[in-house]
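Novice: So that you have it, the file is protein.tsv, and it contains TSV, C-alpha atoms:
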```tsv
chain	number	residue	atom	x	y	z
P	1	MET	CA	78.40	15.37	32.69
P	2	THR	CA	78.83	12.07	30.88
P	3	ASN	CA	79.70	11.37	27.29
P	4	PRO	CA	76.98	10.17	24.96
P	5	GLN	CA	77.04	6.51	24.13
P	6	GLN	CA	79.75	6.00	21.55
P	7	GLY	CA	78.45	4.97	18.20
P	8	GLY	CA	78.91	5.79	14.57
P	9	SER	CA	78.42	9.54	14.89
P	10	LEU	CA	81.42	11.82	15.09
P	11	PRO	CA	82.25	13.50	18.42
P	12	SER	CA	81.18	16.98	19.48
P	13	ILE	CA	84.08	19.40	19.96
P	14	LEU	CA	84.36	22.78	21.69
P	15	CYS	CA	87.36	24.78	20.45
P	16	LEU	CA	88.65	27.56	22.71
P	17	THR	CA	90.94	30.11	21.13
P	18	ASP	CA	91.63	33.84	20.82
P	19	ALA	CA	91.88	35.81	17.56
P	20	CYS	CA	92.36	32.75	15.37
P	21	ASP	CA	94.53	32.96	12.28
P	22	ARG	CA	93.57	31.70	8.83
P	23	PRO	CA	94.95	28.15	9.23
P	24	GLU	CA	93.10	27.72	12.54
P	25	THR	CA	89.88	29.13	11.08
P	26	GLU	CA	90.00	26.86	8.05
P	27	LEU	CA	90.76	23.87	10.29
P	28	PHE	CA	87.55	24.49	12.25
P	29	ILE	CA	85.53	24.87	9.05
P	30	GLY	CA	87.17	21.81	7.51
P	31	LEU	CA	86.32	19.70	10.55
P	32	ARG	CA	82.70	20.84	10.37
P	33	LYS	CA	82.55	19.92	6.67
P	34	ALA	CA	84.05	16.53	7.52
P	35	GLY	CA	81.08	15.86	9.78
P	36	PHE	CA	82.39	16.85	13.20
P	37	ASP	CA	80.10	18.86	15.46
P	38	VAL	CA	82.49	21.76	16.10
P	39	ASP	CA	81.69	24.92	18.04
P	40	VAL	CA	84.16	27.75	18.61
P	41	MET	CA	84.55	30.31	21.39
P	42	CYS	CA	86.89	33.06	20.20
P	43	ASN	CA	87.76	36.75	20.24
P	44	PRO	CA	85.24	38.85	18.29
P	45	LYS	CA	88.04	41.29	17.39
P	46	GLY	CA	89.88	38.63	15.40
P	47	ARG	CA	90.32	39.13	11.66
P	48	ASN	CA	88.59	35.81	10.87
P	49	TYR	CA	85.74	36.11	13.38
P	50	ARG	CA	83.14	37.07	10.79
P	51	ARG	CA	84.02	34.06	8.63
P	52	LEU	CA	83.34	31.72	11.55
P	53	VAL	CA	80.07	33.53	12.34
P	54	ASP	CA	78.97	33.18	8.72
P	55	GLU	CA	79.67	29.45	8.93
P	56	GLY	CA	77.49	29.25	12.05
P	57	MET	CA	80.38	28.04	14.17
P	58	VAL	CA	80.75	30.68	16.90
P	59	ALA	CA	79.03	29.35	20.00
P	60	CYS	CA	79.92	32.43	22.00
P	61	PRO	CA	82.32	35.38	21.64
P	62	MET	CA	85.11	35.22	24.21
P	63	ALA	CA	88.25	37.22	24.90
P	64	LEU	CA	90.07	35.76	27.90
P	65	LYS	CA	92.11	38.28	29.89
P	66	ASN	CA	94.39	35.77	31.60
P	67	ARG	CA	94.60	32.18	32.88
P	68	PHE	CA	92.39	33.01	35.85
P	69	ASP	CA	89.62	34.88	34.01
P	70	LYS	CA	86.52	34.17	36.12
P	71	GLU	CA	84.00	35.58	33.64
P	72	GLY	CA	85.58	33.67	30.78
P	73	THR	CA	85.66	30.46	32.78
P	74	GLU	CA	81.99	30.88	33.66
P	75	SER	CA	81.17	31.53	30.00
P	76	ILE	CA	82.86	28.25	29.03
P	77	ARG	CA	81.05	26.44	31.84
P	78	GLN	CA	77.70	27.76	30.59
P	79	GLN	CA	78.48	26.62	27.06
P	80	LEU	CA	79.40	23.14	28.30
P	81	ALA	CA	75.98	22.93	29.96
P	82	LYS	CA	74.23	23.54	26.62
P	83	LYS	CA	75.62	20.54	24.75
P	84	ASN	CA	77.17	17.19	25.50
P	85	TYR	CA	80.69	17.98	24.29
P	86	GLU	CA	83.17	15.12	24.30
P	87	VAL	CA	86.35	17.09	23.61
P	88	ILE	CA	87.66	20.55	24.49
P	89	HIS	CA	90.48	21.71	22.22
P	90	ALA	CA	92.30	24.70	23.72
P	91	TYR	CA	94.60	26.70	21.45
P	92	ASN	CA	96.52	28.80	23.97
P	93	PRO	CA	97.50	28.59	27.67
P	94	ARG	CA	94.74	30.97	28.82
P	95	ALA	CA	92.08	28.93	27.07
P	96	LEU	CA	93.58	25.72	28.40
P	97	ALA	CA	93.64	26.87	32.03
P	98	CYS	CA	90.10	28.26	31.89
P	99	GLY	CA	88.79	25.25	29.97
P	100	LEU	CA	90.23	22.86	32.53
P	101	ARG	CA	88.65	24.82	35.35
P	102	ALA	CA	85.28	25.11	33.59
P	103	SER	CA	85.12	21.36	32.86
P	104	ARG	CA	86.06	20.25	36.37
P	105	GLY	CA	83.99	17.23	37.43
P	106	THR	CA	83.34	16.05	33.86
P	107	ASP	CA	84.96	13.33	31.79
P	108	ILE	CA	85.48	15.59	28.77
P	109	LYS	CA	88.75	14.92	26.97
P	110	ILE	CA	91.11	17.91	26.97
P	111	VAL	CA	93.36	18.60	23.98
P	112	ALA	CA	96.02	21.32	24.22
P	113	TYR	CA	97.80	23.02	21.32
P	114	ARG	CA	101.48	23.94	21.61
P	115	GLY	CA	103.18	26.06	18.97
P	116	VAL	CA	106.52	27.02	20.56
P	117	ILE	CA	109.41	25.47	22.45
P	118	GLY	CA	110.08	26.51	26.05
P	119	ASN	CA	108.29	27.96	29.10
P	120	ILE	CA	107.07	24.60	30.45
P	121	SER	CA	108.63	23.13	33.58
P	122	PHE	CA	107.74	20.71	36.34
P	123	LEU	CA	108.98	23.41	38.74
P	124	ASN	CA	106.66	26.09	37.32
P	125	PRO	CA	103.24	26.18	39.07
P	126	GLU	CA	101.58	27.72	35.99
P	127	SER	CA	102.60	24.67	33.94
P	128	TRP	CA	100.53	22.50	36.28
P	129	ILE	CA	97.34	24.44	35.53
P	130	THR	CA	97.97	24.10	31.79
P	131	PHE	CA	100.07	21.55	29.90
P	132	LEU	CA	101.12	19.42	32.89
P	133	HIS	CA	97.61	19.18	34.29
P	134	PRO	CA	96.76	15.47	34.73
P	135	ARG	CA	93.43	15.90	32.90
P	136	VAL	CA	95.12	16.93	29.65
P	137	SER	CA	94.62	13.96	27.34
P	138	LYS	CA	96.75	15.10	24.43
P	139	ILE	CA	99.18	17.88	23.54
P	140	VAL	CA	99.14	18.64	19.83
P	141	CYS	CA	102.59	19.93	18.85
P	142	VAL	CA	102.91	21.99	15.69
P	143	ALA	CA	106.35	20.51	14.97
P	144	ASP	CA	108.37	17.41	15.87
P	145	ALA	CA	110.90	19.71	17.52
P	146	ILE	CA	108.25	20.79	20.05
P	147	LYS	CA	107.15	17.21	20.61
P	148	ASP	CA	110.76	16.18	21.24
P	149	TYR	CA	111.27	19.09	23.62
P	150	LEU	CA	108.20	18.15	25.68
P	151	ALA	CA	109.22	14.48	25.70
P	152	SER	CA	112.64	15.48	27.05
P	153	LEU	CA	111.29	17.31	30.11
P	154	ARG	CA	112.20	15.48	33.31
P	155	PHE	CA	112.12	16.11	37.04
P	156	LEU	CA	112.79	13.19	39.38
P	157	TRP	CA	110.39	10.47	38.17
P	158	MET	CA	108.10	12.90	36.38
P	159	HIS	CA	107.79	13.23	32.61
P	160	ILE	CA	105.10	13.68	29.97
P	161	PRO	CA	104.06	10.26	28.64
P	162	GLU	CA	104.76	9.73	24.95
P	163	ARG	CA	101.10	8.78	24.38
P	164	LYS	CA	100.07	12.34	25.32
P	165	LEU	CA	102.15	13.94	22.58
P	166	GLN	CA	101.25	14.16	18.91
P	167	ARG	CA	102.68	16.23	16.09
P	168	ILE	CA	100.16	17.76	13.68
P	169	TYR	CA	101.45	20.43	11.31
P	170	LYS	CA	99.33	23.57	10.99
P	171	GLY	CA	98.19	23.40	7.38
P	172	HIS	CA	97.90	26.08	4.71
P	173	ASP	CA	96.55	26.35	1.18
P	174	LEU	CA	98.20	28.12	-1.74
P	175	ASP	CA	94.83	29.58	-2.75
P	176	TRP	CA	94.74	31.68	0.43
P	177	TYR	CA	97.65	33.77	-0.78
P	178	GLN	CA	96.53	35.78	-3.79
P	179	SER	CA	97.62	39.28	-2.78
P	180	PRO	CA	99.63	41.15	-5.43
P	181	LYS	CA	103.25	41.81	-4.60
P	182	ALA	CA	103.89	45.00	-2.65
P	183	ASP	CA	105.68	47.94	-4.23
P	184	LEU	CA	108.96	48.04	-2.30
P	185	THR	CA	109.94	51.46	-3.62
P	186	GLN	CA	107.65	52.93	-0.93
P	187	PHE	CA	110.30	51.87	1.60
P	188	GLY	CA	113.18	53.41	-0.36
P	189	VAL	CA	114.18	50.17	-2.09
P	190	PRO	CA	115.40	50.85	-5.66
P	191	GLU	CA	113.55	49.19	-8.52
P	192	ASP	CA	115.12	45.88	-9.61
P	193	ALA	CA	117.15	45.62	-6.40
P	194	PHE	CA	117.96	42.19	-4.96
P	195	VAL	CA	115.95	42.22	-1.74
P	196	VAL	CA	116.35	40.17	1.42
P	197	CYS	CA	113.27	40.34	3.65
P	198	CYS	CA	112.93	39.49	7.34
P	199	THR	CA	109.69	39.68	9.31
P	200	GLY	CA	109.44	39.22	13.06
P	201	ARG	CA	108.61	40.63	16.43
P	202	ASN	CA	111.04	42.90	18.25
P	203	THR	CA	112.70	40.31	20.47
P	204	PRO	CA	116.41	39.38	20.76
P	205	ARG	CA	115.78	35.71	19.97
P	206	LYS	CA	114.69	36.63	16.41
P	207	GLY	CA	118.32	37.36	15.52
P	208	PHE	CA	118.00	40.70	13.72
P	209	ASP	CA	121.50	41.58	14.96
P	210	ASP	CA	122.97	38.46	13.33
P	211	LEU	CA	121.24	39.28	10.04
P	212	ILE	CA	122.49	42.87	9.96
P	213	GLU	CA	126.00	41.63	10.72
P	214	ALA	CA	125.65	39.09	7.90
P	215	ILE	CA	124.61	41.80	5.44
P	216	ASP	CA	127.54	43.96	6.53
P	217	LYS	CA	129.96	41.07	5.87
P	218	LEU	CA	128.95	40.80	2.21
P	219	PRO	CA	131.59	41.75	-0.39
P	220	GLU	CA	131.45	45.33	-1.60
P	221	ASP	CA	130.21	44.34	-5.04
P	222	VAL	CA	127.23	42.37	-3.67
P	223	ASP	CA	124.50	45.00	-3.85
P	224	ILE	CA	121.73	43.71	-1.58
P	225	HIS	CA	118.93	45.62	0.13
P	226	LEU	CA	117.61	44.38	3.46
P	227	LEU	CA	113.98	44.95	4.40
P	228	LEU	CA	113.12	44.56	8.11
P	229	VAL	CA	109.36	44.25	8.59
P	230	GLY	CA	107.70	44.72	11.98
P	231	ASP	CA	108.08	46.57	15.23
P	232	VAL	CA	111.86	46.06	15.23
P	233	ILE	CA	111.81	49.63	13.92
P	234	ASP	CA	111.36	50.61	17.59
P	235	ASN	CA	114.59	48.86	18.64
P	236	LYS	CA	117.19	51.62	19.07
P	237	GLU	CA	120.10	49.14	19.32
P	238	ILE	CA	119.16	47.51	16.02
P	239	GLN	CA	118.68	50.93	14.43
P	240	ALA	CA	122.14	51.97	15.64
P	241	GLN	CA	123.70	48.74	14.37
P	242	ALA	CA	122.13	49.28	10.95
P	243	ALA	CA	123.33	52.89	10.86
P	244	ALA	CA	126.90	51.77	11.61
P	245	THR	CA	127.14	49.35	8.68
P	246	SER	CA	129.12	50.05	5.51
P	247	HIS	CA	125.91	50.72	3.57
P	248	PRO	CA	123.17	51.89	5.93
P	249	GLU	CA	121.24	53.17	2.91
P	250	ARG	CA	120.64	49.53	1.93
P	251	ILE	CA	118.81	48.65	5.16
P	252	HIS	CA	115.15	49.64	5.32
P	253	PHE	CA	112.66	49.47	8.20
P	254	THR	CA	108.96	49.26	7.34
P	255	GLY	CA	107.43	49.27	10.83
P	256	TYR	CA	104.40	47.11	11.60
P	257	ARG	CA	102.50	46.13	8.45
P	258	ASN	CA	99.28	44.27	7.71
P	259	ASP	CA	100.61	43.32	4.27
P	260	ALA	CA	103.76	41.48	5.42
P	261	PRO	CA	103.12	38.47	3.11
P	262	ALA	CA	102.83	40.77	0.07
P	263	ILE	CA	106.13	42.42	1.07
P	264	ALA	CA	107.81	39.03	1.38
P	265	ALA	CA	106.35	38.04	-2.00
P	266	ALA	CA	108.07	41.01	-3.65
P	267	SER	CA	111.46	40.01	-2.21
P	268	ASP	CA	114.09	37.63	-3.58
P	269	VAL	CA	115.04	35.89	-0.34
P	270	PHE	CA	113.31	35.56	3.01
P	271	VAL	CA	115.53	35.12	6.08
P	272	LEU	CA	114.50	34.16	9.60
P	273	PRO	CA	117.72	34.13	11.66
P	274	SER	CA	116.19	33.04	14.98
P	275	LYS	CA	118.53	32.12	17.80
P	276	GLU	CA	116.09	29.91	19.75
P	277	ARG	CA	112.48	28.87	20.46
P	278	GLU	CA	110.78	28.69	17.07
P	279	GLY	CA	107.83	26.49	16.22
P	280	LEU	CA	106.60	26.46	12.63
P	281	PRO	CA	106.89	30.17	11.75
P	282	ARG	CA	104.00	31.46	9.69
P	283	ALA	CA	106.19	34.17	8.14
P	284	VAL	CA	108.47	31.52	6.61
P	285	ILE	CA	105.50	29.51	5.32
P	286	GLU	CA	103.94	32.60	3.74
P	287	ALA	CA	107.19	33.43	1.94
P	288	MET	CA	107.53	29.84	0.72
P	289	VAL	CA	103.96	29.89	-0.61
P	290	TYR	CA	104.94	32.82	-2.82
P	291	GLY	CA	108.00	30.98	-4.12
P	292	VAL	CA	110.49	33.13	-2.22
P	293	THR	CA	113.64	31.24	-1.23
P	294	PRO	CA	113.88	30.79	2.56
P	295	VAL	CA	117.09	30.97	4.56
P	296	VAL	CA	116.50	29.85	8.14
P	297	THR	CA	118.43	28.69	11.17
P	298	SER	CA	118.26	25.14	12.51
P	299	VAL	CA	116.02	26.22	15.38
P	300	GLY	CA	112.77	24.58	16.45
P	301	GLY	CA	110.60	23.34	13.62
P	302	MET	CA	112.30	25.36	10.86
P	303	PRO	CA	114.43	22.44	9.56
P	304	GLU	CA	111.15	20.51	9.23
P	305	LEU	CA	109.83	23.28	6.99
P	306	VAL	CA	112.93	23.90	4.91
P	307	GLU	CA	115.00	21.05	3.48
P	308	ASP	CA	118.56	22.33	3.27
P	309	GLY	CA	119.67	22.61	-0.33
P	310	VAL	CA	116.31	21.38	-1.62
P	311	SER	CA	113.67	23.95	-0.67
P	312	GLY	CA	115.92	26.59	0.90
P	313	ILE	CA	119.06	26.92	2.96
P	314	VAL	CA	119.47	26.06	6.65
P	315	VAL	CA	122.36	27.46	8.72
P	316	GLU	CA	123.31	27.16	12.36
P	317	PRO	CA	121.87	29.81	14.72
P	318	LYS	CA	123.98	32.76	15.88
P	319	ASN	CA	126.11	32.34	12.76
P	320	ALA	CA	126.40	35.62	10.89
P	321	PRO	CA	129.13	34.32	8.51
P	322	GLY	CA	126.91	31.36	7.58
P	323	LEU	CA	123.97	33.66	6.90
P	324	SER	CA	126.17	35.94	4.83
P	325	ALA	CA	127.48	33.03	2.74
P	326	ALA	CA	123.96	31.73	2.09
P	327	ILE	CA	122.71	35.14	0.98
P	328	GLU	CA	125.75	35.73	-1.25
P	329	ARG	CA	125.27	32.29	-2.83
P	330	LEU	CA	121.67	33.07	-3.76
P	331	TYR	CA	122.62	36.53	-5.02
P	332	SER	CA	125.31	35.03	-7.26
P	333	ASP	CA	123.22	32.12	-8.53
P	334	ARG	CA	119.77	33.41	-9.47
P	335	GLU	CA	118.81	30.09	-11.11
P	336	LEU	CA	119.48	28.29	-7.83
P	337	ALA	CA	117.43	30.88	-5.94
P	338	ALA	CA	114.53	30.46	-8.36
P	339	SER	CA	114.58	26.65	-8.21
P	340	LEU	CA	114.78	26.59	-4.42
P	341	GLY	CA	111.89	29.06	-4.26
P	342	GLN	CA	109.68	26.92	-6.48
P	343	ALA	CA	110.59	23.81	-4.47
P	344	ALA	CA	109.65	25.71	-1.30
P	345	ARG	CA	106.24	26.54	-2.75
P	346	GLN	CA	105.61	22.94	-3.74
P	347	ARG	CA	106.74	21.72	-0.32
P	348	ILE	CA	103.99	23.72	1.40
P	349	ALA	CA	101.41	22.48	-1.11
P	350	ARG	CA	102.51	18.87	-0.68
P	351	ASN	CA	103.55	18.51	2.97
P	352	PHE	CA	101.75	21.28	4.85
P	353	HIS	CA	98.28	21.36	3.34
P	354	THR	CA	95.24	22.19	5.45
P	355	SER	CA	93.46	18.99	4.36
P	356	GLN	CA	96.13	16.94	6.14
P	357	THR	CA	95.61	18.97	9.31
P	358	VAL	CA	91.86	18.37	9.17
P	359	THR	CA	92.31	14.63	8.62
P	360	GLU	CA	94.88	14.15	11.38
P	361	THR	CA	92.97	16.30	13.88
P	362	GLY	CA	89.76	14.43	13.13
P	363	GLU	CA	91.51	11.08	13.65
P	364	LEU	CA	92.81	12.35	16.98
P	365	TYR	CA	89.28	13.24	18.12
P	366	LYS	CA	87.96	9.85	17.03
P	367	SER	CA	90.77	8.05	18.82
P	368	LEU	CA	90.16	9.93	22.07
P	369	THR	CA	86.45	9.16	21.99
P	370	GLY	CA	86.67	5.51	20.97
P	371	ARG	CA	85.64	5.98	17.32
P	372	ALA	CA	88.97	4.99	15.79
```
Take the structure in this file and express it as structure tokens.

Specialist:
Amino acid sequence: MTNPQQGGSLPSILCLTDACDRPETELFIGLRKAGFDVDVMCNPKGRNYRRLVDEGMVACPMALKNRFDKEGTESIRQQLAKKNYEVIHAYNPRALACGLRASRGTDIKIVAYRGVIGNISFLNPESWITFLHPRVSKIVCVADAIKDYLASLRFLWMHIPERKLQRIYKGHDLDWYQSPKADLTQFGVPEDAFVVCCTGRNTPRKGFDDLIEAIDKLPEDVDIHLLLVGDVIDNKEIQAQAAATSHPERIHFTGYRNDAPAIAAASDVFVLPSKEREGLPRAVIEAMVYGVTPVVTSVGGMPELVEDGVSGIVVEPKNAPGLSAAIERLYSDRELAASLGQAARQRIARNFHTSQTVTETGELYKSLTGRA
């Protein structure tokens, strides 16, 4: 397959993803509205699948099982035969591996998306069929921290060239978040309580243990309720730690919820106490959109999201006393909490808007195909 002669028209793009989230979905639609010929292959079980279908953007439903999915690879290959695509943009490692295999023998440019730090190594064979594959033209990093991590990888003479790395923030829009605040009394939280919310998957690197320790270190007269949202409710060690605190009745587990943003919106402070390997956490962005003050650790892209003392508070990871001090400060100074929350909301509107993502991604496509 050869590329069409480059001219004034915008390039044709095939996006490979899974169950795409709202920012990804709106990026695809925004690119189409900007004049790019964008088709999407994605999981029909995704929450935003119908929106893409209604926009006429789904070329083919696809749910890749793994990085060696033969049926999925053949499906991509068949789609490539239908149109003269110039760029494949793969949004996860499975899509990247299968897209590379399906486009073998073509001169299609391959763009990879990377949203987290870690799990890439010159000594890992799976990295060579994804991000380290020589046919990958560009790796779009969702934060500078990820770009810096990839640039730092070295083995003997091998490294990822700087020209292959580009940071493009995943954009949002305040108008997407119109859900009314959740009623927290359903979780046993008293009305008018000062609530600290934390949402995350049940994994040690999320730092739930540090947060519970931080809450337990608060002075006796600081009456704060902690709301833990997600499948951490299944973690018996965390449950036991919470039960052993001075005020276990102030720690509430919600279990997995589809309305996590509305729960965060009803809280006073949102904390993500991650120990390592964060990108640009959607949970933090969603809380900031609702004007909820974020307290985060200086891990991954989080310091790029939250300006310490301006749009939230940033503490060192694995630092329960630091978390405790930040929470107590916001509890004691409600005006500060309110001003930081409003600054957080404006920061998302100003610095992380979906229109910027569309513009920067479009410029990337044009640069790769000689339209810049």

Novice: Any idea what the distance is between atom CA of Cys42 of chain P and atom CA of Gly279 of chain P?

Specialist: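 Those two atoms sit 22.3 Å apart.
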
Novice: Could you name the residues that touch Ala283 of chain P at 9 Å or less, counting all atoms listed in the file, but leaving out those on the same chain fewer than 3 positions away, as a count of residues only?

Specialist: 12

Novice: Within 10 Å of (93.5, 21.5, 2.4) (coordinates as in the file), grab all the protein and nucleic acid residues, counting only C-alpha atoms, and write them out as a ChimeraX atom specification.

Specialist: /P:23,26-27,30,171-175,349-350,352-359

Novice: Just give me the gap between atom CA of Thr17 of chain P and atom CA of Val296 of chain P in Å, one decimal is fine.

Specialist: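 The value is 28.7 Å.
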
Novice: Which is closer to Ala143 of chain P than all the others in P:Pro93, P:Ala112, P:Arg250, P:Tyr169, using all atoms listed in the file?

Specialist: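 For Ala143 of chain P, the nearest of the given residues is P:Tyr169.
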
Novice: Please compute the atom CA of Gly312 of chain P-atom CA of Gly230 of chain P distance, one decimal, in Å.

Specialist: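 These atoms are spaced 22.8 Å apart.
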
Novice: What's the 10 Å shell around Arg67 of chain P, counting only C-alpha atoms, without same-chain residues fewer than 5 positions away, as a list in words?

Specialist: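 After dropping sequence-adjacent residues, the list is Gly72, Thr73, Asn92, Pro93, Arg94, Ala95, Leu96, Ala97, Cys98, Gly99, Arg101, Glu126, Ile129 and Thr130 of chain P.
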
Novice: Quick one: write out the picked residues with C-alpha atoms as a compact mmCIF listing (two decimals), in the frame of the given file?

Specialist:
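As written to disk, part-v8.txt reads:
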```txt
# COMPACT_ATOMS: atom_id res chain seq x y z
CA GLY P 72 85.58 33.67 30.78
CA THR P 73 85.66 30.46 32.78
CA ASN P 92 96.52 28.80 23.97
CA PRO P 93 97.50 28.59 27.67
CA ARG P 94 94.74 30.97 28.82
CA ALA P 95 92.08 28.93 27.07
CA LEU P 96 93.58 25.72 28.40
CA ALA P 97 93.64 26.87 32.03
CA CYS P 98 90.10 28.26 31.89
CA GLY P 99 88.79 25.25 29.97
CA ARG P 101 88.65 24.82 35.35
CA GLU P 126 101.58 27.72 35.99
CA ILE P 129 97.34 24.44 35.53
CA THR P 130 97.97 24.10 31.79
```

Novice: Tell me which protein, DNA and RNA residues are within 12 Å of Gly188 of chain P, counting all atoms listed in the file, leaving out same-chain ones fewer than 6 positions away, and put them as a PyMOL selection string.

Specialist: chain P and resi 195+225-227+248-254

Novice: Pick out the closest residue to Arg77 of chain P from this set: P:Ala102, P:Ala151, P:Leu64, P:Ala240. Count only C-alpha atoms.

Specialist: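 Of the candidates, the smallest distance to Arg77 of chain P is held by P:Ala102.
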
Novice: Tell me which protein, DNA and RNA residues are within 8 Å of Leu340 of chain P, counting all atoms listed in the file, leaving out same-chain ones fewer than 5 positions away, and put them as a ChimeraX atom specification.

Specialist: /P:293,309-312

Novice: Pick from P:Ala214, P:Met158, P:Val292, P:Leu153: nearest to Ile263 of chain P, with only C-alpha atoms counted?

Specialist: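 Result for the nearest residue to Ile263 of chain P: P:Val292.
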
Novice: Nearest residue to Ala81 of chain P out of P:Leu14, P:Leu211, P:Asp308, P:Asn319, using all atoms listed in the file?

Specialist: P:Leu14

Novice: Give me the residues within 7 Å of segment 148-150 of chain P as JSON, numbers by chain, counting all atoms listed in the file and dropping any in the same chain fewer than 4 places off.

Specialist: {"P": [117, 144, 160]}

Novice: Pick from P:Val299, P:Ala266, P:Ala182, P:Ile233: nearest to Phe194 of chain P, with only C-alpha atoms counted?

Specialist: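 Checking each of P:Val299, P:Ala266, P:Ala182, P:Ile233 against Phe194 of chain P, counting only C-alpha atoms, the winner is P:Ala266.
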